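Trainee: Sharing final_31.cif (mmCIF, C-alpha atoms and all ligand atoms) below.
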data_target
loop_
_atom_site.group_PDB
_atom_site.id
_atom_site.type_symbol
_atom_site.label_atom_id
_atom_site.label_comp_id
_atom_site.auth_asym_id
_atom_site.auth_seq_id
_atom_site.Cartn_x
_atom_site.Cartn_y
_atom_site.Cartn_z
ATOM 1 C CA MET Y 27 28.763 193.331 92.603
ATOM 2 C CA LEU Y 28 31.141 196.263 92.755
ATOM 3 C CA VAL Y 29 34.331 196.350 94.792
ATOM 4 C CA PRO Y 30 36.534 199.406 95.250
ATOM 5 C CA GLU Y 31 40.020 198.406 94.123
ATOM 6 C CA SER Y 32 41.792 201.078 96.212
ATOM 7 C CA GLU Y 33 39.198 203.661 97.223
ATOM 8 C CA MET Y 34 38.487 202.176 100.659
ATOM 9 C CA LYS Y 35 42.060 201.463 101.653
ATOM 10 C CA TRP Y 36 43.703 203.556 104.361
ATOM 11 C CA ALA Y 37 45.949 205.449 101.950
ATOM 12 C CA SER Y 38 42.857 206.683 100.089
ATOM 13 C CA LEU Y 39 40.521 207.278 103.027
ATOM 14 C CA ARG Y 40 42.971 208.831 105.477
ATOM 15 C CA PRO Y 41 44.805 211.905 104.072
ATOM 16 C CA THR Y 42 45.838 212.876 107.614
ATOM 17 C CA PRO Y 43 45.517 211.100 110.989
ATOM 18 C CA ASP Y 44 42.382 213.042 111.904
ATOM 19 C CA LYS Y 45 40.671 213.351 108.496
ATOM 20 C CA TYR Y 46 38.653 210.938 106.403
ATOM 21 C CA ASP Y 47 37.871 211.432 102.729
ATOM 22 C CA PHE Y 48 34.882 209.368 101.667
ATOM 23 C CA THR Y 49 34.350 211.083 98.300
ATOM 24 C CA ALA Y 50 35.355 208.128 96.125
ATOM 25 C CA PRO Y 51 33.652 205.283 98.016
ATOM 26 C CA ASP Y 52 30.501 207.404 98.481
ATOM 27 C CA TRP Y 53 30.439 207.943 94.726
ATOM 28 C CA MET Y 54 30.848 204.226 94.116
ATOM 29 C CA LEU Y 55 28.119 203.268 96.560
ATOM 30 C CA ASN Y 56 25.780 205.762 94.937
ATOM 31 C CA PHE Y 57 26.626 204.327 91.522
ATOM 32 C CA ALA Y 58 26.023 200.804 92.776
ATOM 33 C CA GLN Y 59 22.691 201.686 94.341
ATOM 34 C CA ASN Y 60 21.506 203.540 91.219
ATOM 35 C CA ASN Y 61 22.405 200.596 89.037
ATOM 36 C CA GLY Y 62 21.074 197.689 91.049
ATOM 37 C CA LEU Y 63 24.498 196.484 92.128
ATOM 38 C CA LEU Y 64 25.711 195.326 95.505
ATOM 39 C CA MET Y 65 28.989 196.684 96.845
ATOM 40 C CA ARG Y 66 31.735 194.995 98.868
ATOM 41 C CA GLY Y 67 33.892 196.745 101.456
ATOM 42 C CA HIS Y 68 37.636 196.309 100.819
ATOM 43 C CA THR Y 69 39.552 196.470 103.117
ATOM 44 C CA LEU Y 70 39.603 197.549 106.786
ATOM 45 C CA VAL Y 71 42.974 196.205 107.955
ATOM 46 C CA TRP Y 72 45.911 195.432 105.641
ATOM 47 C CA HIS Y 73 49.683 195.706 105.715
ATOM 48 C CA GLU Y 74 49.738 197.561 102.381
ATOM 49 C CA ALA Y 75 48.277 200.892 101.262
ATOM 50 C CA LEU Y 76 48.939 202.460 104.645
ATOM 51 C CA PRO Y 77 49.172 206.264 104.555
ATOM 52 C CA LYS Y 78 52.521 208.076 104.630
ATOM 53 C CA TRP Y 79 51.808 209.347 108.147
ATOM 54 C CA PHE Y 80 51.301 205.838 109.492
ATOM 55 C CA PRO Y 81 54.859 204.884 110.566
ATOM 56 C CA GLU Y 82 55.542 208.136 112.398
ATOM 57 C CA THR Y 83 52.099 208.348 114.003
ATOM 58 C CA VAL Y 84 51.006 204.883 115.044
ATOM 59 C CA ILE Y 85 52.821 203.439 118.063
ATOM 60 C CA THR Y 86 52.068 200.597 120.468
ATOM 61 C CA THR Y 87 50.189 202.808 122.902
ATOM 62 C CA ASN Y 88 47.730 204.248 120.341
ATOM 63 C CA ALA Y 89 47.552 201.504 117.696
ATOM 64 C CA GLU Y 90 44.484 199.717 119.052
ATOM 65 C CA ARG Y 91 42.559 202.976 119.394
ATOM 66 C CA ILE Y 92 43.523 204.087 115.871
ATOM 67 C CA MET Y 93 42.611 200.745 114.304
ATOM 68 C CA SER Y 94 39.308 200.495 116.177
ATOM 69 C CA GLU Y 95 38.360 204.092 115.425
ATOM 70 C CA HIS Y 96 39.026 203.489 111.758
ATOM 71 C CA ILE Y 97 36.856 200.369 111.675
ATOM 72 C CA THR Y 98 34.058 202.023 113.642
ATOM 73 C CA THR Y 99 34.052 205.157 111.468
ATOM 74 C CA VAL Y 100 34.111 203.344 108.137
ATOM 75 C CA VAL Y 101 31.748 200.478 109.001
ATOM 76 C CA SER Y 102 29.171 202.740 110.662
ATOM 77 C CA ARG Y 103 29.096 205.092 107.655
ATOM 78 C CA TYR Y 104 28.104 202.224 105.372
ATOM 79 C CA ALA Y 105 26.155 200.094 107.841
ATOM 80 C CA GLY Y 106 23.485 198.038 106.107
ATOM 81 C CA LYS Y 107 24.705 199.092 102.656
ATOM 82 C CA ILE Y 108 27.650 196.783 102.062
ATOM 83 C CA HIS Y 109 27.307 193.154 100.938
ATOM 84 C CA SER Y 110 30.337 192.044 102.948
ATOM 85 C CA TRP Y 111 33.498 193.463 104.489
ATOM 86 C CA ASP Y 112 37.050 192.268 103.991
ATOM 87 C CA VAL Y 113 37.889 192.964 107.612
ATOM 88 C CA VAL Y 114 41.467 191.722 107.590
ATOM 89 C CA ASN Y 115 43.331 191.235 104.325
ATOM 90 C CA GLU Y 116 46.149 188.739 103.728
ATOM 91 C CA ALA Y 117 46.737 188.078 107.439
ATOM 92 C CA ILE Y 118 48.437 184.747 106.795
ATOM 93 C CA ASN Y 119 51.900 184.492 105.267
ATOM 94 C CA PRO Y 120 53.793 181.275 106.068
ATOM 95 C CA TRP Y 121 56.918 182.711 104.387
ATOM 96 C CA ASP Y 122 57.310 184.913 107.481
ATOM 97 C CA LYS Y 123 57.955 181.654 109.370
ATOM 98 C CA ARG Y 124 55.875 182.294 112.485
ATOM 99 C CA SER Y 125 54.415 179.156 114.048
ATOM 100 C CA ASP Y 126 50.863 180.548 113.767
ATOM 101 C CA GLY Y 127 51.437 181.404 110.106
ATOM 102 C CA LEU Y 128 50.481 185.042 110.655
ATOM 103 C CA ARG Y 129 52.117 187.685 108.505
ATOM 104 C CA ASN Y 130 54.546 189.918 110.310
ATOM 105 C CA THR Y 131 52.632 193.116 109.506
ATOM 106 C CA PRO Y 132 52.890 196.554 111.113
ATOM 107 C CA TRP Y 133 49.624 195.725 112.907
ATOM 108 C CA LEU Y 134 51.015 192.488 114.298
ATOM 109 C CA LYS Y 135 54.187 194.237 115.430
ATOM 110 C CA LEU Y 136 52.137 196.929 117.179
ATOM 111 C CA LEU Y 137 49.334 194.822 118.655
ATOM 112 C CA GLY Y 138 50.471 191.218 118.577
ATOM 113 C CA PRO Y 139 48.525 188.356 116.953
ATOM 114 C CA LYS Y 140 45.294 189.423 118.656
ATOM 115 C CA TYR Y 141 44.830 192.299 116.211
ATOM 116 C CA VAL Y 142 42.974 190.018 113.783
ATOM 117 C CA GLU Y 143 40.367 189.042 116.336
ATOM 118 C CA THR Y 144 40.078 192.607 117.638
ATOM 119 C CA ALA Y 145 39.355 193.865 114.129
ATOM 120 C CA PHE Y 146 36.524 191.366 113.643
ATOM 121 C CA ARG Y 147 34.987 192.035 117.038
ATOM 122 C CA THR Y 148 35.080 195.794 116.430
ATOM 123 C CA ALA Y 149 33.457 195.472 113.012
ATOM 124 C CA ALA Y 150 30.706 193.216 114.399
ATOM 125 C CA ALA Y 151 30.027 195.558 117.309
ATOM 126 C CA THR Y 152 29.646 198.440 114.839
ATOM 127 C CA ASP Y 153 27.343 196.688 112.348
ATOM 128 C CA PRO Y 154 25.994 193.445 113.846
ATOM 129 C CA GLY Y 155 24.245 192.604 110.558
ATOM 130 C CA ALA Y 156 27.358 192.782 108.396
ATOM 131 C CA MET Y 157 28.919 189.769 106.707
ATOM 132 C CA LEU Y 158 32.528 189.765 107.870
ATOM 133 C CA VAL Y 159 35.206 188.189 105.706
ATOM 134 C CA LEU Y 160 38.788 187.088 106.235
ATOM 135 C CA ASN Y 161 40.281 187.743 102.789
ATOM 136 C CA GLN Y 162 43.347 185.718 101.896
ATOM 137 C CA ASN Y 163 45.776 185.115 99.033
ATOM 138 C CA HIS Y 164 47.917 182.083 98.145
ATOM 139 C CA LEU Y 165 45.267 179.468 98.882
ATOM 140 C CA GLU Y 166 44.841 178.000 95.420
ATOM 141 C CA TYR Y 167 47.767 175.869 94.322
ATOM 142 C CA ASP Y 168 49.126 172.450 95.174
ATOM 143 C CA THR Y 169 52.452 173.847 96.352
ATOM 144 C CA PRO Y 170 54.112 173.695 99.782
ATOM 145 C CA GLY Y 171 53.608 177.431 100.326
ATOM 146 C CA ASP Y 172 49.927 177.424 99.440
ATOM 147 C CA GLU Y 173 49.407 174.242 101.472
ATOM 148 C CA ALA Y 174 50.952 176.005 104.480
ATOM 149 C CA THR Y 175 48.690 179.011 103.858
ATOM 150 C CA ARG Y 176 45.620 176.740 103.717
ATOM 151 C CA ASN Y 177 46.597 175.019 106.961
ATOM 152 C CA ALA Y 178 47.284 178.257 108.828
ATOM 153 C CA THR Y 179 44.010 179.716 107.529
ATOM 154 C CA LEU Y 180 42.043 176.680 108.690
ATOM 155 C CA ASN Y 181 43.729 176.799 112.092
ATOM 156 C CA LEU Y 182 42.835 180.461 112.483
ATOM 157 C CA LEU Y 183 39.219 179.950 111.376
ATOM 158 C CA ARG Y 184 38.817 176.939 113.688
ATOM 159 C CA ARG Y 185 40.145 178.945 116.598
ATOM 160 C CA PHE Y 186 37.799 181.814 115.719
ATOM 161 C CA LYS Y 187 34.840 179.464 115.669
ATOM 162 C CA LYS Y 188 35.768 178.009 119.030
ATOM 163 C CA ASP Y 189 36.219 181.482 120.554
ATOM 164 C CA ARG Y 190 33.084 182.850 118.854
ATOM 165 C CA VAL Y 191 34.979 185.496 116.931
ATOM 166 C CA PRO Y 192 32.448 186.946 114.441
ATOM 167 C CA VAL Y 193 33.874 185.802 111.092
ATOM 168 C CA HIS Y 194 31.273 184.687 108.592
ATOM 169 C CA ALA Y 195 33.175 183.914 105.438
ATOM 170 C CA LEU Y 196 36.558 183.266 103.906
ATOM 171 C CA GLY Y 197 37.497 185.348 100.877
ATOM 172 C CA ILE Y 198 39.774 183.471 98.502
ATOM 173 C CA GLU Y 199 41.519 186.080 96.385
ATOM 174 C CA SER Y 200 42.287 183.718 93.492
ATOM 175 C CA HIS Y 201 45.007 185.646 91.699
ATOM 176 C CA LEU Y 202 45.949 182.718 89.489
ATOM 177 C CA THR Y 203 49.214 182.703 87.610
ATOM 178 C CA SER Y 204 50.610 181.406 84.329
ATOM 179 C CA SER Y 205 53.813 180.566 86.241
ATOM 180 C CA GLU Y 206 52.210 177.810 88.316
ATOM 181 C CA PRO Y 207 50.788 174.689 86.679
ATOM 182 C CA ARG Y 208 50.191 172.847 89.957
ATOM 183 C CA PHE Y 209 46.461 173.205 90.491
ATOM 184 C CA ASN Y 210 44.848 170.149 92.087
ATOM 185 C CA ALA Y 211 41.051 170.372 91.943
ATOM 186 C CA ASN Y 212 40.497 167.638 94.523
ATOM 187 C CA ARG Y 213 42.896 169.102 97.021
ATOM 188 C CA PHE Y 214 41.380 172.561 96.574
ATOM 189 C CA ARG Y 215 37.824 171.229 96.941
ATOM 190 C CA ASN Y 216 38.842 169.388 100.062
ATOM 191 C CA PHE Y 217 40.031 172.687 101.523
ATOM 192 C CA LEU Y 218 36.749 174.393 100.614
ATOM 193 C CA LYS Y 219 34.837 171.564 102.278
ATOM 194 C CA GLN Y 220 36.840 172.018 105.471
ATOM 195 C CA VAL Y 221 35.948 175.722 105.531
ATOM 196 C CA ALA Y 222 32.295 174.921 104.804
ATOM 197 C CA ASP Y 223 32.316 172.432 107.695
ATOM 198 C CA LEU Y 224 32.945 175.387 110.020
ATOM 199 C CA ASP Y 225 29.588 176.837 108.862
ATOM 200 C CA MET Y 226 31.373 179.596 107.029
ATOM 201 C CA LYS Y 227 30.624 180.876 103.538
ATOM 202 C CA ILE Y 228 33.271 181.307 100.877
ATOM 203 C CA LEU Y 229 33.695 184.144 98.376
ATOM 204 C CA ILE Y 230 35.992 184.176 95.380
ATOM 205 C CA THR Y 231 36.978 187.804 95.766
ATOM 206 C CA GLU Y 232 39.719 188.800 93.291
ATOM 207 C CA LEU Y 233 39.826 186.258 90.491
ATOM 208 C CA ASP Y 234 42.213 186.875 87.600
ATOM 209 C CA ILE Y 235 45.150 185.144 85.930
ATOM 210 C CA ASP Y 236 48.297 186.763 84.621
ATOM 211 C CA ASP Y 237 49.281 185.765 81.059
ATOM 212 C CA GLN Y 238 53.034 186.367 81.388
ATOM 213 C CA LYS Y 239 54.029 182.825 80.442
ATOM 214 C CA PHE Y 240 51.313 182.219 77.839
ATOM 215 C CA ALA Y 241 51.705 182.431 74.042
ATOM 216 C CA ALA Y 242 51.812 185.790 72.283
ATOM 217 C CA ASP Y 243 49.233 184.651 69.718
ATOM 218 C CA ILE Y 244 45.932 186.157 70.788
ATOM 219 C CA ALA Y 245 43.645 183.245 69.942
ATOM 220 C CA GLU Y 246 45.964 180.783 71.653
ATOM 221 C CA ARG Y 247 46.424 183.010 74.691
ATOM 222 C CA ASP Y 248 42.707 183.677 75.089
ATOM 223 C CA LYS Y 249 42.031 179.950 74.886
ATOM 224 C CA ILE Y 250 44.430 178.960 77.644
ATOM 225 C CA VAL Y 251 43.330 181.837 79.884
ATOM 226 C CA ALA Y 252 39.718 180.703 79.391
ATOM 227 C CA GLU Y 253 40.612 177.093 80.172
ATOM 228 C CA LYS Y 254 42.311 178.112 83.412
ATOM 229 C CA TYR Y 255 39.278 180.136 84.503
ATOM 230 C CA HIS Y 256 37.021 177.201 83.747
ATOM 231 C CA GLU Y 257 39.188 174.639 85.514
ATOM 232 C CA TYR Y 258 39.472 176.779 88.625
ATOM 233 C CA LEU Y 259 35.842 177.872 88.849
ATOM 234 C CA SER Y 260 34.478 174.387 88.169
ATOM 235 C CA ALA Y 261 36.396 173.191 91.201
ATOM 236 C CA ALA Y 262 35.463 176.195 93.342
ATOM 237 C CA LEU Y 263 31.768 176.176 92.477
ATOM 238 C CA SER Y 264 31.378 172.466 93.167
ATOM 239 C CA GLU Y 265 31.385 173.507 96.849
ATOM 240 C CA PRO Y 266 27.935 174.962 97.641
ATOM 241 C CA ALA Y 267 29.368 177.194 100.406
ATOM 242 C CA VAL Y 268 30.931 179.317 97.637
ATOM 243 C CA ILE Y 269 28.359 182.106 97.299
ATOM 244 C CA SER Y 270 30.068 184.704 95.088
ATOM 245 C CA VAL Y 271 32.589 185.051 92.318
ATOM 246 C CA LEU Y 272 34.208 188.407 91.621
ATOM 247 C CA THR Y 273 36.946 189.041 89.111
ATOM 248 C CA TRP Y 274 39.530 191.718 89.947
ATOM 249 C CA GLY Y 275 38.367 194.106 87.280
ATOM 250 C CA LEU Y 276 36.259 193.427 84.196
ATOM 251 C CA SER Y 277 38.177 194.477 81.117
ATOM 252 C CA ASP Y 278 41.776 194.279 79.953
ATOM 253 C CA ARG Y 279 41.666 198.061 79.565
ATOM 254 C CA SER Y 280 42.045 198.416 83.291
ATOM 255 C CA THR Y 281 43.733 195.663 85.259
ATOM 256 C CA TRP Y 282 46.413 195.867 87.925
ATOM 257 C CA LEU Y 283 48.192 192.997 86.102
ATOM 258 C CA SER Y 284 49.312 195.405 83.342
ATOM 259 C CA GLY Y 285 51.645 196.905 85.924
ATOM 260 C CA TYR Y 286 52.128 194.037 88.366
ATOM 261 C CA LYS Y 287 52.677 191.192 85.867
ATOM 262 C CA PRO Y 288 53.431 192.779 82.476
ATOM 263 C CA ARG Y 289 54.502 190.566 79.587
ATOM 264 C CA GLU Y 290 58.150 190.385 78.600
ATOM 265 C CA ASP Y 291 57.197 190.974 74.952
ATOM 266 C CA LYS Y 292 55.362 194.143 76.065
ATOM 267 C CA LEU Y 293 52.102 193.015 74.419
ATOM 268 C CA PRO Y 294 48.997 194.230 76.273
ATOM 269 C CA VAL Y 295 47.860 191.654 78.814
ATOM 270 C CA ARG Y 296 44.647 189.676 78.108
ATOM 271 C CA VAL Y 297 43.600 188.495 81.528
ATOM 272 C CA LEU Y 298 39.974 189.443 82.215
ATOM 273 C CA PRO Y 299 36.541 188.449 80.821
ATOM 274 C CA PHE Y 300 36.260 191.493 78.499
ATOM 275 C CA ASP Y 301 38.868 192.889 76.125
ATOM 276 C CA SER Y 302 39.937 196.528 76.204
ATOM 277 C CA ASN Y 303 36.959 197.484 73.995
ATOM 278 C CA LEU Y 304 34.582 195.694 76.341
ATOM 279 C CA ASN Y 305 33.987 192.819 73.932
ATOM 280 C CA TYR Y 306 33.363 189.366 75.362
ATOM 281 C CA LYS Y 307 36.417 187.122 75.373
ATOM 282 C CA PRO Y 308 36.612 183.320 75.660
ATOM 283 C CA ALA Y 309 37.305 183.881 79.378
ATOM 284 C CA PHE Y 310 33.816 185.353 79.785
ATOM 285 C CA HIS Y 311 32.184 182.305 78.197
ATOM 286 C CA ALA Y 312 34.372 179.981 80.265
ATOM 287 C CA ILE Y 313 33.253 181.687 83.474
ATOM 288 C CA ALA Y 314 29.617 181.523 82.343
ATOM 289 C CA LYS Y 315 30.005 177.821 81.542
ATOM 290 C CA ALA Y 316 31.467 177.093 84.970
ATOM 291 C CA ILE Y 317 28.580 178.939 86.612
ATOM 292 C CA ASP Y 318 26.017 177.112 84.426
ATOM 293 C CA GLY Y 319 27.621 173.806 85.371
ATOM 294 C CA ALA Y 320 27.647 174.518 89.105
ATOM 295 C CA PRO Y 321 25.328 172.679 91.492
ATOM 296 C CA ASP Y 322 22.023 174.432 92.115
ATOM 297 C CA ARG Y 323 22.148 176.962 94.944
ATOM 298 C CA THR Y 324 18.585 178.247 94.778
ATOM 299 C CA ARG Y 325 17.392 176.054 97.587
ATOM 300 C CA GLN Y 326 19.959 177.586 99.905
ATOM 301 C CA ARG Y 327 19.729 180.745 101.857
HETATM 302 C C1 LIG E 1 45.731 196.087 94.186
HETATM 303 C C2 LIG E 1 45.055 197.048 93.223
HETATM 304 O O1 LIG E 1 44.461 196.327 92.184
HETATM 305 C C3 LIG E 1 46.070 198.005 92.683
HETATM 306 O O2 LIG E 1 45.434 198.965 91.862
HETATM 307 C C4 LIG E 1 46.807 198.671 93.830
HETATM 308 O O3 LIG E 1 47.808 199.465 93.328
HETATM 309 C C5 LIG E 1 47.412 197.642 94.756
HETATM 310 O O4 LIG E 1 46.406 196.779 95.206
HETATM 311 N N1 LIG E 1 45.314 191.779 96.858
HETATM 312 C C6 LIG E 1 44.355 192.653 97.309
HETATM 313 C C7 LIG E 1 44.048 193.863 96.517
HETATM 314 O O5 LIG E 1 43.686 192.382 98.302
HETATM 315 O O6 LIG E 1 43.697 194.960 97.329
HETATM 316 C C8 LIG E 1 45.195 194.246 95.617
HETATM 317 O O7 LIG E 1 44.739 195.302 94.788
HETATM 318 C C9 LIG E 1 45.673 193.075 94.818
HETATM 319 C C10 LIG E 1 46.162 191.980 95.718
#
How does this structure look as structure tokens?

Mentor:
Amino acid sequence: MLVPESEMKWASLRPTPDKYDFTAPDWMLNFAQNNGLLMRGHTLVWHEALPKWFPETVITTNAERIMSEHITTVVSRYAGKIHSWDVVNEAINPWDKRSDGLRNTPWLKLLGPKYVETAFRTAAATDPGAMLVLNQNHLEYDTPGDEATRNATLNLLRRFKKDRVPVHALGIESHLTSSEPRFNANRFRNFLKQVADLDMKILITELDIDDQKFAADIAERDKIVAEKYHEYLSAALSEPAVISVLTWGLSDRSTWLSGYKPREDKLPVRVLPFDSNLNYKPAFHAIAKAIDGAPDRTRQR
């Protein structure tokens, strides 16, 4: 399954307030279709990657129209062709200290907390067959911050279910980190079960792990990276509601972590399943092993 890393974000799609440029995502969809791949839509509403014109153009009186028009235009263009849409990205951020746990984004400031629901309803009205995903970071670790993110996410999803807001799945980004040893498989699985109990699916949408704090030695580093992938995916895949696993990139030749989490010793990062020459790494085999060890899903839809 292919996912555009930036090509469907506002900054890429919206050169000016009244123009859309679909060249890159159209190319990707065509590539996917010609190669038997599915494609995900990422992402319709986010606080990052907003175009330069956004702050001076979008105000409280036009924000809802601009957001809805964007969703309608993009979702209708690809209706029936996208596996699932990340409708709202990283909506929860307990570090912003709101009681509902919502992130204090430009959208929230313009439209209030209802913007999340509005985005989902607009996407569903445009393509009623689409799988709509709330995609969220900081859900993985046994830390107070991630625990608060899990709780706020569950509260939002429960409210959405009660109010029949069309959200079909939770995307768990899964940007793991070498800086955080506190992963608790049972606690994480318990969270997944609570999401599954709402009749929602779960996607692992952006799996990777930075190697900043891991040894310089390549064999040693590859081994620990592989172990972390295996530990995490074994826990995640034990929950049958988890229907997809996507890594954020495939090869170390091209990963956002080279820029976002570079190593202090300046060695190239080794964070994905393939090395920079597209050779299999231990991480690939660890992911395969976790998938092989996962409970059978063939009897499910
Ligand atoms: C990242 C891309 O990988 C980078 O190339 C870009 O510069 C910034 O965004 N969470 C998300 C993704 O949902 O869209 C982000 O992707 C990584 C964090």

Trainee: Chain Y near ligand LIG 1 (chain E) within 9 Å: what's each residue's closest atom pair and its distance in Å to one decimal, counting all atoms listed in the file, ordered by chain then ascending residue number, as a tab-separated table?

Mentor:
residue	atom	partner	partner_atom	distance
Y:Pro30	CA	E:LIG1	O6	8.7
Y:Glu31	CA	E:LIG1	O1	5.3
Y:Ser32	CA	E:LIG1	C2	6.0
Y:Lys35	CA	E:LIG1	O6	8.0
Y:His68	CA	E:LIG1	O6	7.1
Y:Thr69	CA	E:LIG1	O6	7.3
Y:Trp72	CA	E:LIG1	O5	8.3
Y:Glu74	CA	E:LIG1	O4	7.9
Y:Ala75	CA	E:LIG1	C5	7.3
Y:Asp112	CA	E:LIG1	O5	8.7
Y:Asn115	CA	E:LIG1	O5	6.1
Y:Glu116	CA	E:LIG1	O5	7.0
Y:Asn161	CA	E:LIG1	O5	7.3
Y:Gln162	CA	E:LIG1	O5	7.6
Y:Asn163	CA	E:LIG1	N1	7.0
Y:Glu199	CA	E:LIG1	N1	6.9
Y:His201	CA	E:LIG1	C10	7.6
Y:Thr231	CA	E:LIG1	O5	8.5
Y:Glu232	CA	E:LIG1	C6	7.2
Y:Trp274	CA	E:LIG1	O1	7.1
Y:Gly275	CA	E:LIG1	O1	8.1
Y:Thr281	CA	E:LIG1	O1	7.0
Y:Trp282	CA	E:LIG1	O1	4.7
Y:Leu283	CA	E:LIG1	O1	7.9
Y:Gly285	CA	E:LIG1	O3	8.7
Y:Tyr286	CA	E:LIG1	C3	8.4

Trainee: Could you check the closest approach to Leu136 (chain Y) for each of Y:Ile108, Y:Val84, Y:Ala149, Y:Ala156 and tell me which residue wins, using only C-alpha atoms?

Mentor: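 Using only C-alpha atoms, Leu136 (chain Y) sits closest to Y:Val84.
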
Trainee: Could you check how far CA of Asp189 (chain Y) sits from CA of Gly155 (chain Y), in Å to one decimal?

Mentor: 19.2 Å

Trainee: Running the PyMOL selection byres (((chain Y and resi 312-319) around 12) and not hetatm) on this model by hand, what would come out? Give it as a ChimeraX atom specification.

Mentor: /Y:233-234,248-266,268-273,298-300,306-311,320-323

Trainee: Kindly indicate which residue among Y:Phe209, Y:His73, Y:Thr179, Y:Asn56 lies nearest to Thr131 (chain Y), using all atoms listed in the file for the distances.

Mentor: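 Among the listed residues, the smallest separation from Thr131 (chain Y) belongs to Y:His73.
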
Trainee: As a check of understanding, name the residues that the PyMOL selection byres (((chain Y and resi 94) around 12) and not hetatm) selects in the supplied structure, as a ChimeraX atom specification.

Mentor: /Y:70-71,88-93,95-102,113,133,137,141-152

Trainee: For CA of Trp79 (chain Y) and CA of Ile118 (chain Y), quote the distance in Å rounded to one decimal.

Mentor: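 Distance between the two atoms: 24.9 Å.
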
Trainee: Which is closer to Asp278 (chain Y) than all the others in Y:Ala222, Y:Ala241, Y:Ile235, Y:Ala37, using all atoms listed in the file?

Mentor: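 Of Y:Ala222, Y:Ala241, Y:Ile235, Y:Ala37, the one nearest Asp278 (chain Y) is Y:Ile235, counting all atoms listed in the file.
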
Trainee: Between Y:Leu218, Y:Ala174, Y:Ile244, Y:Met226, which residue has the minimum interatomic distance to Val295 (chain Y), considering all atoms listed in the file?

Mentor: Y:Ile244

Trainee: Would you mind reading off the distance between CA of Pro170 (chain Y) and CA of Trp111 (chain Y), one decimal, in Å?

Mentor: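 Separating CA of Pro170 (chain Y) from CA of Trp111 (chain Y) is a distance of 28.9 Å.
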
Trainee: Tell me which protein, DNA and RNA residues are within 8 Å of Arg289 (chain Y), counting all atoms listed in the file, leaving out same-chain ones fewer than 5 positions away, and put them as a list in words.

Mentor: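 In the requested form, the answer reads Asp237, Gln238, Lys239, Pro294 and Val295 of chain Y.
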
Trainee: Taking (53.8, 187.3, 109.2) in the file's own coordinates, collect the residues within 12 Å, counting all atoms listed in the file, and hand them back as a list in words.

Mentor: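 Those residues, ordered by chain and then number, are Trp72, His73, Glu116, Ala117, Ile118, Asn119, Pro120, Trp121, Asp122, Lys123, Arg124, Ser125, Asp126, Gly127, Leu128, Arg129, Asn130, Thr131, Pro132, Trp133, Leu134, Lys135, Gly138, Pro139, Thr175 and Ala178 of chain Y.
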
Trainee: How would you write as a list in words the residues that get within 10 Å of (33.4, 204.6, 94.3) in the file's frame, counting all atoms listed in the file?

Mentor: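 Residues with an atom close enough to that point: Leu28, Val29, Pro30, Glu31, Ser32, Glu33, Met34, Phe48, Thr49, Ala50, Pro51, Asp52, Trp53, Met54, Leu55, Asn56, Phe57, Ala58 and Met65 of chain Y.
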
Trainee: Residues picked by the PyMOL selection byres (((chain Y and resi 166-169) around 8) and not hetatm) here, as a list in words?

Mentor: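 For this structure, the PyMOL selection byres (((chain Y and resi 166-169) around 8) and not hetatm) resolves to His164, Leu165, Pro170, Gly171, Asp172, Glu173, Ser200, Leu202, Glu206, Arg208, Phe209, Asn210, Arg213 and Phe214 of chain Y.
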
Trainee: Keeping only C-alpha atoms, write the selected residues as a PDB file, in the coordinates of the input.

Mentor:
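Final file, again22.pdb:
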ATOM      1  CA  HIS Y 164      47.917 182.083  98.145  1.00  0.00           C
ATOM      2  CA  LEU Y 165      45.267 179.468  98.882  1.00  0.00           C
ATOM      3  CA  PRO Y 170      54.112 173.695  99.782  1.00  0.00           C
ATOM      4  CA  GLY Y 171      53.608 177.431 100.326  1.00  0.00           C
ATOM      5  CA  ASP Y 172      49.927 177.424  99.440  1.00  0.00           C
ATOM      6  CA  GLU Y 173      49.407 174.242 101.472  1.00  0.00           C
ATOM      7  CA  SER Y 200      42.287 183.718  93.492  1.00  0.00           C
ATOM      8  CA  LEU Y 202      45.949 182.718  89.489  1.00  0.00           C
ATOM      9  CA  GLU Y 206      52.210 177.810  88.316  1.00  0.00           C
ATOM     10  CA  ARG Y 208      50.191 172.847  89.957  1.00  0.00           C
ATOM     11  CA  PHE Y 209      46.461 173.205  90.491  1.00  0.00           C
ATOM     12  CA  ASN Y 210      44.848 170.149  92.087  1.00  0.00           C
ATOM     13  CA  ARG Y 213      42.896 169.102  97.021  1.00  0.00           C
ATOM     14  CA  PHE Y 214      41.380 172.561  96.574  1.00  0.00           C
TER      15      PHE Y 214
END

Trainee: Return as JSON the centre and edge lengths, in Å with one decimal, of the box along x, y and z that encloses every atom of region 222-237 of chain Y in the file, padded by 4 Å per side.

Mentor:
{"center_x": 39.4, "center_y": 180.6, "center_z": 95.5, "size_x": 27.7, "size_y": 24.4, "size_z": 37.0}

Trainee: Choose the residue, out of Y:Leu229, Y:Leu76, Y:Leu64, Y:Asp153, that has the smallest atom-to-atom separation from Leu39 (chain Y); count only C-alpha atoms.

Mentor: Y:Leu76
